[in-house]
>>> print(open('upload32.tsv').read())   # TSV, C-alpha atoms
chain	number	residue	atom	x	y	z
J	1	MET	CA	127.85	90.27	-24.20
J	2	ILE	CA	130.51	87.57	-23.91
J	3	ASN	CA	130.25	85.39	-20.81
J	4	ILE	CA	133.41	84.05	-19.20
J	5	ALA	CA	134.18	81.95	-16.13
J	6	VAL	CA	137.19	82.20	-13.83
J	7	LEU	CA	138.59	79.01	-12.30
J	8	GLY	CA	140.30	79.98	-9.06
J	9	TYR	CA	139.77	83.05	-6.87
J	10	GLY	CA	143.26	83.35	-5.43
J	11	THR	CA	145.73	86.15	-6.07
J	12	ILE	CA	145.55	86.08	-9.87
J	13	GLY	CA	141.85	85.19	-10.09
J	14	SER	CA	140.86	88.11	-7.87
J	15	GLY	CA	143.19	90.29	-9.93
J	16	VAL	CA	141.38	89.30	-13.13
J	17	VAL	CA	138.06	90.29	-11.55
J	18	GLU	CA	139.56	93.59	-10.41
J	19	VAL	CA	141.06	94.44	-13.81
J	20	LEU	CA	137.80	93.69	-15.62
J	21	LYS	CA	135.91	95.86	-13.15
J	22	THR	CA	138.39	98.75	-13.12
J	23	ASN	CA	138.96	98.93	-16.89
J	24	GLY	CA	135.63	97.55	-18.03
J	25	ASP	CA	134.81	100.39	-20.45
J	26	SER	CA	138.15	100.39	-22.27
J	27	ILE	CA	138.20	96.57	-22.35
J	28	ARG	CA	134.71	96.57	-23.92
J	29	LYS	CA	135.90	98.92	-26.66
J	30	ARG	CA	138.95	96.78	-27.40
J	31	ALA	CA	137.01	93.51	-27.33
J	32	GLY	CA	134.09	94.86	-29.32
J	33	ASP	CA	131.65	93.60	-26.70
J	34	THR	CA	131.09	93.54	-22.95
J	35	ILE	CA	133.08	90.89	-21.04
J	36	ASN	CA	130.84	89.49	-18.32
J	37	ILE	CA	132.08	87.19	-15.57
J	38	LYS	CA	129.19	84.74	-15.19
J	39	TYR	CA	130.90	82.33	-12.76
J	40	VAL	CA	133.88	82.12	-10.45
J	41	LEU	CA	134.92	78.64	-9.30
J	42	ASP	CA	136.63	78.00	-5.99
J	43	ILE	CA	136.43	75.40	-3.25
J	44	ARG	CA	136.22	78.16	-0.65
J	45	ASP	CA	133.54	80.68	0.28
J	46	PHE	CA	134.27	84.40	0.60
J	47	PRO	CA	131.72	85.86	3.04
J	48	GLY	CA	131.09	89.55	2.45
J	49	ASP	CA	132.73	89.54	-0.98
J	50	PRO	CA	130.38	90.44	-3.88
J	51	ILE	CA	131.92	87.48	-5.73
J	52	MET	CA	129.60	85.25	-3.67
J	53	ASP	CA	126.78	86.15	-6.07
J	54	ILE	CA	128.49	84.26	-8.91
J	55	LEU	CA	130.62	81.78	-6.93
J	56	VAL	CA	130.20	78.07	-7.69
J	57	HIS	CA	131.94	75.00	-6.30
J	58	ASP	CA	131.12	72.55	-9.11
J	59	VAL	CA	133.09	72.96	-12.34
J	60	ASN	CA	130.40	71.10	-14.29
J	61	ILE	CA	128.07	74.08	-13.90
J	62	ILE	CA	130.58	76.03	-15.99
J	63	LEU	CA	131.51	73.26	-18.42
J	64	ASN	CA	127.87	72.46	-19.22
J	65	ASP	CA	126.72	76.07	-19.67
J	66	PRO	CA	126.67	76.89	-23.42
J	67	GLU	CA	126.57	80.61	-22.65
J	68	VAL	CA	130.12	80.50	-21.28
J	69	LYS	CA	132.41	81.10	-24.26
J	70	ILE	CA	135.77	81.64	-22.49
J	71	VAL	CA	137.22	79.92	-19.43
J	72	VAL	CA	140.05	81.54	-17.46
J	73	GLU	CA	142.16	78.99	-15.54
J	74	VAL	CA	144.27	80.56	-12.77
J	75	MET	CA	144.29	77.66	-10.32
J	76	GLY	CA	147.88	76.57	-10.88
J	77	GLY	CA	149.33	73.07	-10.81
J	78	ILE	CA	148.71	70.21	-13.24
J	79	GLU	CA	145.59	68.68	-11.74
J	80	PRO	CA	142.71	69.31	-11.68
J	81	ALA	CA	143.60	72.20	-14.01
J	82	TYR	CA	144.52	69.94	-16.94
J	83	THR	CA	141.28	67.95	-16.70
J	84	TYR	CA	139.16	71.11	-16.46
J	85	VAL	CA	140.96	72.90	-19.30
J	86	LYS	CA	140.84	69.93	-21.66
J	87	GLU	CA	137.16	69.37	-20.96
J	88	ALA	CA	136.40	73.05	-21.51
J	89	LEU	CA	138.07	72.94	-24.94
J	90	LEU	CA	136.24	69.73	-25.85
J	91	LYS	CA	132.96	71.45	-24.94
J	92	GLY	CA	133.68	74.35	-27.30
J	93	LYS	CA	135.08	76.98	-24.95
J	94	SER	CA	138.32	78.91	-25.48
J	95	VAL	CA	140.71	78.82	-22.54
J	96	ILE	CA	143.07	81.42	-21.08
J	97	THR	CA	145.64	80.34	-18.49
J	98	SER	CA	148.53	81.72	-16.44
J	99	ASN	CA	149.56	78.19	-15.43
J	100	LYS	CA	153.17	77.57	-16.49
J	101	GLU	CA	153.18	73.98	-15.18
J	102	LEU	CA	150.16	73.15	-17.30
J	103	VAL	CA	151.48	74.87	-20.44
J	104	ALA	CA	154.97	73.35	-20.17
J	105	LYS	CA	153.55	69.84	-19.72
J	106	HIS	CA	150.48	69.83	-21.98
J	107	GLY	CA	150.73	72.97	-24.13
J	108	ALA	CA	151.13	71.23	-27.50
J	109	GLU	CA	148.20	68.87	-26.87
J	110	LEU	CA	145.86	71.63	-25.72
J	111	LEU	CA	146.82	73.84	-28.66
J	112	ASP	CA	146.00	70.97	-31.04
J	113	ILE	CA	142.57	70.50	-29.47
J	114	ALA	CA	141.88	74.23	-29.77
J	115	LYS	CA	142.93	74.28	-33.45
J	116	GLU	CA	140.72	71.31	-34.30
J	117	ARG	CA	137.68	73.12	-32.88
J	118	ALA	CA	138.43	76.67	-34.10
J	119	LEU	CA	138.97	77.76	-30.50
J	120	ASN	CA	141.89	79.35	-28.68
J	121	PHE	CA	144.23	78.27	-25.92
J	122	LEU	CA	146.17	81.37	-24.85
J	123	PHE	CA	148.80	81.66	-22.13
J	124	GLU	CA	150.59	85.02	-22.25
J	125	ALA	CA	150.70	85.25	-18.44
J	126	SER	CA	152.45	81.87	-18.04
J	127	VAL	CA	155.87	83.45	-18.70
J	128	GLY	CA	157.00	86.87	-17.54
J	129	GLY	CA	153.82	87.85	-15.70
J	130	GLY	CA	152.86	91.22	-17.17
J	131	ILE	CA	155.67	91.26	-19.76
J	132	PRO	CA	154.35	90.61	-23.28
J	133	ILE	CA	156.57	87.85	-24.67
J	134	ILE	CA	154.34	84.97	-25.86
J	135	ARG	CA	152.44	87.13	-28.35
J	136	PRO	CA	155.60	88.73	-29.81
J	137	LEU	CA	157.16	85.30	-30.31
J	138	ASN	CA	153.96	83.98	-31.87
J	139	GLN	CA	153.15	87.02	-34.03
J	140	SER	CA	155.57	89.96	-34.13
J	141	LEU	CA	158.76	87.95	-34.63
J	142	THR	CA	157.44	85.34	-37.04
J	143	ALA	CA	159.61	86.71	-39.88
J	144	ASP	CA	162.71	85.77	-37.89
J	145	GLU	CA	164.47	82.57	-37.05
J	146	ILE	CA	164.96	82.81	-33.29
J	147	VAL	CA	168.50	81.73	-32.43
J	148	GLU	CA	168.67	82.61	-28.74
J	149	ILE	CA	166.40	83.36	-25.80
J	150	THR	CA	168.04	84.30	-22.51
J	151	GLY	CA	165.98	85.49	-19.60
J	152	ILE	CA	165.84	86.42	-15.96
J	153	LEU	CA	162.49	84.69	-15.59
J	154	ASN	CA	162.07	84.47	-11.84
J	155	GLY	CA	161.61	87.61	-9.77
J	156	THR	CA	162.20	85.86	-6.44
J	157	THR	CA	165.71	84.68	-7.28
J	158	ASN	CA	166.53	88.01	-8.91
J	159	TYR	CA	165.44	89.80	-5.74
J	160	ILE	CA	167.58	87.51	-3.58
J	161	LEU	CA	170.70	87.98	-5.73
J	162	THR	CA	170.11	91.75	-5.89
J	163	LYS	CA	169.89	92.02	-2.10
J	164	MET	CA	172.98	89.85	-1.64
J	165	SER	CA	174.86	92.18	-3.97
J	166	GLU	CA	173.54	95.53	-2.75
J	167	GLU	CA	173.35	94.84	0.99
J	168	GLY	CA	176.15	92.30	1.43
J	169	ILE	CA	173.88	89.75	3.13
J	170	GLY	CA	173.97	85.98	2.76
J	171	PHE	CA	171.58	83.78	0.83
J	172	ALA	CA	169.57	82.65	3.88
J	173	LYS	CA	168.85	86.21	5.06
J	174	ALA	CA	167.98	87.41	1.56
J	175	LEU	CA	165.58	84.48	1.15
J	176	LYS	CA	163.95	85.26	4.51
J	177	ASN	CA	163.45	88.87	3.39
J	178	ALA	CA	161.83	87.64	0.17
J	179	GLN	CA	159.48	85.41	2.16
J	180	ASP	CA	158.57	88.22	4.57
J	181	LEU	CA	157.66	90.43	1.60
J	182	GLY	CA	155.59	87.72	-0.04
J	183	TYR	CA	157.95	87.26	-3.00
J	184	ALA	CA	158.91	83.72	-1.98
J	185	GLU	CA	156.71	80.86	-0.81
J	186	ARG	CA	157.19	79.10	2.51
J	187	ASP	CA	158.66	76.28	0.43
J	188	PRO	CA	160.84	78.28	-2.00
J	189	SER	CA	162.34	75.30	-3.84
J	190	ALA	CA	160.49	75.93	-7.13
J	191	ASP	CA	162.14	79.35	-7.31
J	192	VAL	CA	165.58	78.91	-5.76
J	193	GLU	CA	166.25	75.50	-7.32
J	194	GLY	CA	165.44	76.88	-10.77
J	195	TYR	CA	162.36	74.76	-11.55
J	196	ASP	CA	160.12	77.77	-12.19
J	197	SER	CA	162.59	79.24	-14.68
J	198	CYS	CA	163.03	75.82	-16.28
J	199	ARG	CA	159.33	75.50	-17.13
J	200	LYS	CA	159.24	79.02	-18.52
J	201	ILE	CA	162.23	78.56	-20.82
J	202	ALA	CA	160.71	75.26	-21.99
J	203	ILE	CA	157.56	77.16	-23.04
J	204	LEU	CA	159.53	79.90	-24.80
J	205	SER	CA	161.76	77.36	-26.55
J	206	SER	CA	158.77	75.34	-27.76
J	207	LEU	CA	157.24	78.47	-29.27
J	208	ALA	CA	160.50	79.78	-30.74
J	209	TYR	CA	161.46	76.51	-32.43
J	210	GLY	CA	157.96	75.17	-33.11
J	211	MET	CA	158.50	71.79	-31.42
J	212	GLN	CA	157.94	70.35	-27.95
J	213	VAL	CA	160.79	71.05	-25.54
J	214	ASP	CA	160.32	68.94	-22.41
J	215	PHE	CA	161.31	70.80	-19.26
J	216	GLU	CA	162.56	67.52	-17.78
J	217	ASP	CA	165.33	67.52	-20.43
J	218	ILE	CA	166.67	70.95	-19.49
J	219	TYR	CA	169.77	71.09	-17.28
J	220	THR	CA	168.69	73.06	-14.20
J	221	GLU	CA	170.77	74.53	-11.40
J	222	GLY	CA	169.55	76.97	-8.74
J	223	ILE	CA	171.11	79.69	-6.61
J	224	ALA	CA	171.20	78.05	-3.16
J	225	ASP	CA	174.96	77.48	-3.43
J	226	ILE	CA	175.78	81.11	-4.28
J	227	THR	CA	177.63	82.66	-1.34
J	228	ASP	CA	178.43	86.18	-0.22
J	229	ILE	CA	182.04	85.43	-1.23
J	230	ASP	CA	180.93	84.73	-4.80
J	231	ILE	CA	179.11	88.06	-4.74
J	232	SER	CA	182.27	89.83	-3.49
J	233	TYR	CA	184.31	88.38	-6.35
J	234	ALA	CA	181.64	89.47	-8.83
J	235	LYS	CA	181.87	93.03	-7.50
J	236	ALA	CA	185.65	92.93	-7.81
J	237	LEU	CA	185.18	92.01	-11.47
J	238	ASN	CA	182.54	94.76	-11.96
J	239	ALA	CA	180.07	91.94	-12.58
J	240	ARG	CA	176.78	90.61	-11.21
J	241	ILE	CA	175.41	87.12	-10.74
J	242	LYS	CA	172.01	86.36	-12.27
J	243	LEU	CA	169.95	83.20	-12.63
J	244	PHE	CA	169.72	82.77	-16.39
J	245	ALA	CA	167.34	80.56	-18.32
J	246	THR	CA	168.89	80.16	-21.76
J	247	SER	CA	167.92	78.46	-24.99
J	248	VAL	CA	170.22	78.56	-28.02
J	249	LYS	CA	169.73	77.21	-31.53
J	250	GLU	CA	173.21	76.83	-32.99
J	251	ASN	CA	171.82	75.14	-36.11
J	252	ASP	CA	168.95	72.81	-37.07
J	253	ASP	CA	170.66	69.88	-35.34
J	254	ASN	CA	172.01	71.62	-32.25
J	255	VAL	CA	169.67	73.23	-29.73
J	256	PHE	CA	170.54	73.40	-26.06
J	257	ALA	CA	168.80	74.85	-23.03
J	258	MET	CA	169.86	75.33	-19.44
J	259	VAL	CA	169.07	77.17	-16.22
J	260	ALA	CA	172.05	78.21	-14.10
J	261	PRO	CA	173.63	81.15	-12.24
J	262	ILE	CA	175.75	83.21	-14.62
J	263	MET	CA	178.24	86.01	-13.94
J	264	ILE	CA	177.83	88.95	-16.33
J	265	ARG	CA	179.42	92.37	-16.78
J	266	ALA	CA	177.82	95.74	-17.50
J	267	ASN	CA	177.92	95.28	-21.27
J	268	HIS	CA	175.36	92.47	-21.05
J	269	PRO	CA	171.79	93.63	-21.80
J	270	LEU	CA	170.40	91.95	-18.66
J	271	TYR	CA	172.97	93.46	-16.27
J	272	SER	CA	170.63	96.20	-15.01
J	273	VAL	CA	167.59	93.95	-14.47
J	274	ASN	CA	167.39	93.98	-10.68
J	275	ASP	CA	165.07	93.41	-7.74
J	276	VAL	CA	161.87	91.49	-8.62
J	277	PHE	CA	161.92	92.55	-12.27
J	278	ASN	CA	162.29	90.14	-15.17
J	279	GLY	CA	164.15	90.68	-18.41
J	280	ILE	CA	164.04	88.57	-21.56
J	281	TYR	CA	166.60	88.92	-24.34
J	282	VAL	CA	165.73	87.49	-27.76
J	283	ARG	CA	168.06	87.27	-30.74
J	284	GLY	CA	166.70	86.74	-34.25
J	285	ASN	CA	168.70	86.11	-37.40
J	286	VAL	CA	167.12	89.16	-39.07
J	287	ILE	CA	165.96	91.57	-36.37
J	288	GLY	CA	169.03	91.07	-34.18
J	289	ASP	CA	168.67	91.71	-30.45
J	290	VAL	CA	165.35	92.54	-28.77
J	291	MET	CA	164.71	93.09	-25.05
J	292	PHE	CA	161.53	92.69	-22.99
J	293	TYR	CA	161.51	94.11	-19.45
J	294	GLY	CA	158.97	94.55	-16.68
J	295	SER	CA	157.23	93.09	-13.66
J	296	GLY	CA	157.50	89.34	-14.00
J	297	ALA	CA	154.91	88.51	-11.36
J	298	GLY	CA	152.39	90.09	-9.05
J	299	LYS	CA	148.63	90.19	-8.87
J	300	LEU	CA	147.76	93.00	-11.26
J	301	PRO	CA	150.58	92.70	-13.82
J	302	THR	CA	149.79	89.01	-14.29
J	303	ALA	CA	146.04	89.63	-14.29
J	304	SER	CA	146.56	92.30	-16.96
J	305	ALA	CA	148.23	89.73	-19.23
J	306	VAL	CA	145.39	87.27	-18.58
J	307	VAL	CA	142.74	89.85	-19.46
J	308	ALA	CA	144.65	90.81	-22.63
J	309	ASP	CA	144.30	87.18	-23.71
J	310	VAL	CA	140.60	87.26	-22.83
J	311	VAL	CA	140.19	90.25	-25.14
J	312	ASP	CA	142.11	88.45	-27.90
J	313	ALA	CA	139.90	85.37	-27.53
J	314	ALA	CA	136.74	87.53	-27.51
J	315	LYS	CA	137.83	89.16	-30.77
J	316	HIS	CA	138.45	85.74	-32.33
J	317	LEU	CA	135.43	83.70	-31.28
J	318	SER	CA	135.16	80.67	-33.60
J	319	LYS	CA	138.51	81.55	-35.17
J	320	ASN	CA	141.80	80.02	-34.08
J	321	ILE	CA	144.85	82.24	-33.56
J	322	TRP	CA	147.51	80.07	-35.16
J	323	THR	CA	150.38	79.02	-32.90
J	324	ILE	CA	153.26	76.93	-34.22
J	325	TRP	CA	154.04	74.39	-31.50
J	326	SER	CA	154.22	70.83	-32.73
J	327	SER	CA	153.85	67.91	-30.37
J	328	LYS	CA	156.94	66.41	-32.02
J	329	LYS	CA	159.71	66.39	-29.44
J	330	LEU	CA	162.83	68.47	-29.98
J	331	GLU	CA	165.88	66.54	-28.81
J	332	LEU	CA	168.27	68.84	-26.97
J	333	VAL	CA	172.04	68.61	-27.27
J	334	SER	CA	173.71	67.14	-24.19
J	335	ILE	CA	174.77	69.89	-21.81
J	336	ASP	CA	178.22	68.27	-21.70
J	337	LYS	CA	178.86	69.61	-25.21
J	338	VAL	CA	177.98	73.23	-24.44
J	339	LYS	CA	180.92	75.64	-24.14
J	340	ASN	CA	181.32	78.24	-21.39
J	341	ARG	CA	184.00	80.06	-19.49
J	342	PHE	CA	183.97	79.48	-15.75
J	343	PHE	CA	184.91	81.54	-12.70
J	344	VAL	CA	186.57	79.13	-10.27
J	345	ARG	CA	187.66	79.41	-6.64
J	346	VAL	CA	190.13	76.97	-5.09
J	347	ALA	CA	192.02	76.69	-1.81
J	348	LYS	CA	195.47	78.22	-2.29
J	349	ASP	CA	197.12	75.95	0.28
J	350	LYS	CA	196.14	72.90	-1.78
J	351	ASN	CA	196.79	74.34	-5.25
J	352	SER	CA	199.46	76.44	-6.92
J	353	ASN	CA	199.22	78.47	-10.11
J	354	GLU	CA	201.29	75.79	-11.81
J	355	ASP	CA	198.89	73.05	-10.68
J	356	ILE	CA	195.90	74.96	-12.01
J	357	LYS	CA	197.60	75.81	-15.31
J	358	ALA	CA	198.51	72.17	-15.75
J	359	ILE	CA	194.79	71.36	-15.56
J	360	PHE	CA	193.27	74.28	-17.47
J	361	GLY	CA	196.08	75.72	-19.59
J	362	GLU	CA	196.10	79.50	-19.82
J	363	ILE	CA	193.88	81.10	-17.19
J	364	GLU	CA	192.90	84.65	-16.28
J	365	GLU	CA	193.79	85.28	-12.65
J	366	VAL	CA	191.36	87.28	-10.51
J	367	PRO	CA	192.59	89.69	-7.79
J	368	GLU	CA	192.48	88.12	-4.33
J	369	VAL	CA	189.29	88.87	-2.41
J	370	VAL	CA	189.59	86.21	0.27
J	371	LYS	CA	192.85	85.24	1.92
J	372	ASN	CA	194.23	81.83	0.98
J	373	GLU	CA	192.00	81.55	-2.06
J	374	LEU	CA	193.03	81.38	-5.70
J	375	ALA	CA	190.38	82.63	-8.11
J	376	PHE	CA	190.60	82.52	-11.89
J	377	ILE	CA	188.67	82.43	-15.14
J	378	THR	CA	189.04	79.44	-17.41
J	379	PRO	CA	189.40	79.39	-21.17
J	380	LEU	CA	186.31	78.51	-23.21
J	381	ILE	CA	185.69	74.82	-22.51
J	382	THR	CA	182.78	72.40	-22.64
J	383	GLU	CA	180.66	71.58	-19.62
J	384	GLY	CA	181.89	68.01	-19.88
J	385	GLU	CA	185.53	69.13	-19.81
J	386	MET	CA	184.83	71.35	-16.81
J	387	GLN	CA	183.29	68.46	-14.91
J	388	GLU	CA	186.33	66.31	-15.62
J	389	LYS	CA	188.71	69.08	-14.54
J	390	LYS	CA	186.77	69.69	-11.32
J	391	GLU	CA	187.57	66.14	-10.28
J	392	ARG	CA	191.29	66.88	-10.61
J	393	ILE	CA	191.20	69.95	-8.35
J	394	ASN	CA	192.04	69.67	-4.67
J	395	GLY	CA	190.01	72.02	-2.48
J	396	LEU	CA	187.49	73.28	-5.02
J	397	LEU	CA	185.50	76.09	-3.39
J	398	GLY	CA	183.05	76.86	-6.17
J	399	SER	CA	182.55	77.62	-9.84
J	400	ILE	CA	180.16	79.87	-11.76
J	401	ARG	CA	179.59	80.13	-15.50
J	402	ILE	CA	180.40	83.53	-16.92
J	403	ARG	CA	179.43	85.56	-19.98
J	404	PHE	CA	181.90	88.42	-20.29
>>> encode(input="upload32.tsv", output="structure tokens")
Amino acid sequence: MINIAVLGYGTIGSGVVEVLKTNGDSIRKRAGDTINIKYVLDIRDFPGDPIMDILVHDVNIILNDPEVKIVVEVMGGIEPAYTYVKEALLKGKSVITSNKELVAKHGAELLDIAKERALNFLFEASVGGGIPIIRPLNQSLTADEIVEITGILNGTTNYILTKMSEEGIGFAKALKNAQDLGYAERDPSADVEGYDSCRKIAILSSLAYGMQVDFEDIYTEGIADITDIDISYAKALNARIKLFATSVKENDDNVFAMVAPIMIRANHPLYSVNDVFNGIYVRGNVIGDVMFYGSGAGKLPTASAVVADVVDAAKHLSKNIWTIWSSKKLELVSIDKVKNRFFVRVAKDKNSNEDIKAIFGEIEEVPEVVKNELAFITPLITEGEMQEKKERINGLLGSIRIRF
């Protein structure tokens, strides 16, 4: 029997308990032993819940119990999760986490501690919920040089943009719907401002390139400025707007990462990823293009990924599963040097075609959707050039990066 402890009995923690109970027999066969939850840590009590029999409020009970071999951290946030996880590793316990904030900030350090002690620090559920992506990057795709990762990594924003497109509603109403359904928090800024996606692409980039990518260095833009008019233009172009988290390795000296709304057409592999689903597109120099698709969040999909890591750790007690993620920082190329095409809307009464062509050169005009607006697609230019050209436009109404 392998004893584990679960830190946090919220949505994911209760899901972990449920998965282990529901699929206990098959999990035992895969792990080679029975997985027993000896403790659950939470600051709250849960009267009437059988979990009360193993509930503790003091983490030291878990940390100081030599019978506990694996700790599952599903509390979220940096502290006290970081302190608890680090101490658990130092006391000889492997750790499983779904905590993207923790992994993005301290992943390299915690992996190093685990390696030094022949333990494991596993975090499949930190990106993509139930979608297996960490393990494929770490194991299945190790023969490849990863040159691009592009993902729809946040189900909340994907739901909002899908509803805006399919139902013709504005951002505020779509966000309210997401909150009513429990997809968005009362404070939705982590989702709609792109911070959640930023941390996830930082984790994937660190694994893909083997060096620390700091999420603070990643250019991040959310979807709060996307309007129903932008959506109407996208439809006119047979396109959709998605919040992309992208990381590209052009060569050993040029790696860039960004999070931003992107307009894509039907030939893009992520075009049909809608509603709360996530999709992750990976390009390797040998394998070519690979897609991962599924539920990116939710109680049971995420808990399933956590339990899969528990099984992996149980099968590798006292043996480290090697993960290449150096604490050496990878310096990203300035976003100003990255090239894109842009969809731009301007006020027609303040700009003529000649004015716009004088600024951008040859443009691709877009059929009029809104009266007194001029919409067009720019040539391929750098982000820095686009910023400079924006300052020369009178009556700029909006711009969106495109990948056609």
>>> closest_residue(input="upload32.tsv", among="J:Val276, J:Met1, J:Thr246, J:Gly151", to="Gly32 of chain J", atoms="only C-alpha atoms")
J:Met1
>>> closest_residue(input="upload32.tsv", among="J:Val310, J:Leu63, J:Leu204, J:Ile152", to="Gly107 of chain J", atoms="only C-alpha atoms")
J:Leu204
>>> residues_around(input="upload32.tsv", residues="Ala313 of chain J", least_positions_apart="6", cutoff="9 Å", atoms="all atoms listed in the file", output="list in words")
Ala31, Ile70, Ser94, Val95, Ile96, Leu119, Asn120, Phe121, Leu122, Lys319, Asn320 and Ile321 of chain J
>>> closest_atom_pairs(input="upload32.tsv", of="segment 68-104 of chain J", to="segment 214-232 of chain J", cutoff="12 Å", atoms="only C-alpha atoms", output="tab-separated table")
residue	atom	partner	partner_atom	distance
J:Lys100	CA	J:Phe215	CA	10.9
J:Glu101	CA	J:Phe215	CA	9.6
J:Leu102	CA	J:Phe215	CA	11.6
J:Val103	CA	J:Phe215	CA	10.7
J:Ala104	CA	J:Phe215	CA	6.9
>>> write_last_selection(input="upload32.tsv", atoms="C-alpha atoms", output="mmCIF file, keeping the file's coordinate frame")
data_model
loop_
_atom_site.group_PDB
_atom_site.id
_atom_site.type_symbol
_atom_site.label_atom_id
_atom_site.label_comp_id
_atom_site.auth_asym_id
_atom_site.auth_seq_id
_atom_site.Cartn_x
_atom_site.Cartn_y
_atom_site.Cartn_z
ATOM 1 C CA LYS J 100 153.170 77.570 -16.490
ATOM 2 C CA GLU J 101 153.180 73.980 -15.180
ATOM 3 C CA LEU J 102 150.160 73.150 -17.300
ATOM 4 C CA VAL J 103 151.480 74.870 -20.440
ATOM 5 C CA ALA J 104 154.970 73.350 -20.170
#
>>> atom_distance(input="upload32.tsv", atom1="atom CA of Val59 of chain J", atom2="atom CA of Leu41 of chain J")
6.7 Å
>>> axis_aligned_box(input="upload32.tsv", around="segment 200-205 of chain J", padding_each_side="4 Å", output="JSON")
{"center_x": 159.9, "center_y": 77.6, "center_z": -22.5, "size_x": 12.7, "size_y": 12.6, "size_z": 16.0}
>>> residues_around(input="upload32.tsv", residues="Val273 of chain J", least_positions_apart="4", cutoff="12 Å", atoms="all atoms listed in the file", output="NGL selection string")
:J and (151-155 or 157-159 or 161-162 or 240-244 or 264 or 266 or 268-269 or 277-281 or 291-296)
>>> closest_residue(input="upload32.tsv", among="J:Glu166, J:Glu364, J:Glu148, J:Glu18", to="Leu237 of chain J", atoms="all atoms listed in the file")
J:Glu364
>>> closest_residue(input="upload32.tsv", among="J:Ile203, J:Val56, J:Leu380, J:Ile393", to="Arg341 of chain J", atoms="only C-alpha atoms")
J:Leu380
>>> closest_residue(input="upload32.tsv", among="J:Pro80, J:Gly210, J:Gly10, J:Gly130", to="Ser326 of chain J", atoms="all atoms listed in the file")
J:Gly210
>>> closest_residue(input="upload32.tsv", among="J:Asn394, J:Ser304, J:Asn254, J:Asn353", to="Lys337 of chain J", atoms="only C-alpha atoms")
J:Asn254
>>> residues_around(input="upload32.tsv", residues="Gly288 of chain J", least_positions_apart="6", cutoff="12 Å", atoms="only C-alpha atoms", output="ChimeraX atom specification")
/J:141,143-149,281-282
>>> atom_distance(input="upload32.tsv", atom1="atom CA of Ala202 of chain J", atom2="atom CA of Val344 of chain J")
28.7 Å
>>> atom_distance(input="upload32.tsv", atom1="atom CA of Lys235 of chain J", atom2="atom CA of Ala190 of chain J")
27.4 Å
>>> residues_around(input="upload32.tsv", residues="Gly298 of chain J", least_positions_apart="2", cutoff="9 Å", atoms="only C-alpha atoms", output="PyMOL selection string")
chain J and resi 11-12+129-130+183+295-296+300-303
>>> residues_around(input="upload32.tsv", residues="Ser140 of chain J", least_positions_apart="6", cutoff="12 Å", atoms="all atoms listed in the file", output="CSV table (one decimal) with C-alpha atoms, in the coordinates of the input")
chain,number,residue,atom,x,y,z
J,132,PRO,CA,154.4,90.6,-23.3
J,133,ILE,CA,156.6,87.8,-24.7
J,134,ILE,CA,154.3,85.0,-25.9
J,146,ILE,CA,165.0,82.8,-33.3
J,208,ALA,CA,160.5,79.8,-30.7
J,284,GLY,CA,166.7,86.7,-34.2
J,287,ILE,CA,166.0,91.6,-36.4
J,290,VAL,CA,165.4,92.5,-28.8
>>> residues_near_point(input="upload32.tsv", point="(170.0, 65.7, -25.9)", cutoff="10 Å", atoms="all atoms listed in the file", output="PyMOL selection string")
chain J and resi 217-218+254-257+330-337
